Amino acid sequence: MSADDETLSKLMALAQHGDKRAYRQLLFECETWLKRYYARKIGAETLDDLVQETLMSLHRKRATYDAERPFLPWLAAIARYRWIDHLRKAYRKKEVAELNEEIAADPHDPAIGARLGVEKLLRLIPEKQALAIQLVKIEGLSIAEASAQSGQSESAVKVNIHRGIKRMSAAIEEG
């Protein structure tokens with residue numbers, strides 16, 4: 001089967017109505033298309049992971065697809081957002097690696113004391129609040145990514161960040 005737009009649109013429409021065979025075929029065709037799409041953009045070592053992340057996004061967003069519209073631009077938009085997220089994560093990892101090199105070079109740097117202070121403050125607040133702050137504010141994950149990783153709803157992540165920062169601020173003011 002060829003991964004042309006008309007075929008993919010039909011498969012998605014069938015999948016939205018509960019046809020499991022059509023959905024399996026759609027995922028297979030999308031996987032093939034995504035591998036070609038990403039092959040020019042990223043290294044082979046992360047290709048499969050990014051394809052799987054994109055297929056999971058497609059799965060989560062499948063109800064938003066409008067069968068009256070072309071399928072491939074919809075899939076390409078999802079793929080583009082996943083690729084941008086991938087680039088952000090890679091950039092953050094690079095920054096963390098560079099920061100670790102700086103810390104190793106100068107163990108008396110004030111940044112180390114600041115990091116230890118933040119860790120001490122995080123231990124003063126409830127675990128869920130500390131986790132939400134760690135994931136979003138320190139590691140730089142999105143609210144949705146933090147929600148998925150922590151098992152908290154997106155609104156719970158937001159509330160835990162707000163309350164945790166408020167408690168940490170109060171602890172700093174108390175001295």
# chains A, B, ... in the order shown; residues from 1 in each chain; ligands from 1
>>> residues_around(residues="A:Tyr37", least_positions_apart="3", cutoff="12 Å", atoms="only C-alpha atoms", output="PyMOL selection string")
chain A and resi 30-34+40-42+47-48+50-51+54+72+75-80+82-83
>>> residues_around(residues="A:Leu122", least_positions_apart="4", cutoff="10 Å", atoms="only C-alpha atoms", output="list in words")
Leu116, Gly117, Val118, Pro126, Glu127, Gln129, Ala130, Leu131, Ile133, Gln134, Gly164, Ile165, Arg167 and Met168 of chain A
>>> residues_around(residues="A:Glu145", least_positions_apart="3", cutoff="9 Å", atoms="only C-alpha atoms", output="ChimeraX atom specification")
/A:135-136,141-142,148-150,154
>>> closest_residue(among="A:Ala171, A:Ala15, A:Leu27, A:Ala90", to="A:Gly43", atoms="only C-alpha atoms")
A:Ala90
>>> closest_residue(among="A:Thr46, A:Gln152, A:Ser169, A:Ser147", to="A:Leu121", atoms="only C-alpha atoms")
A:Ser169
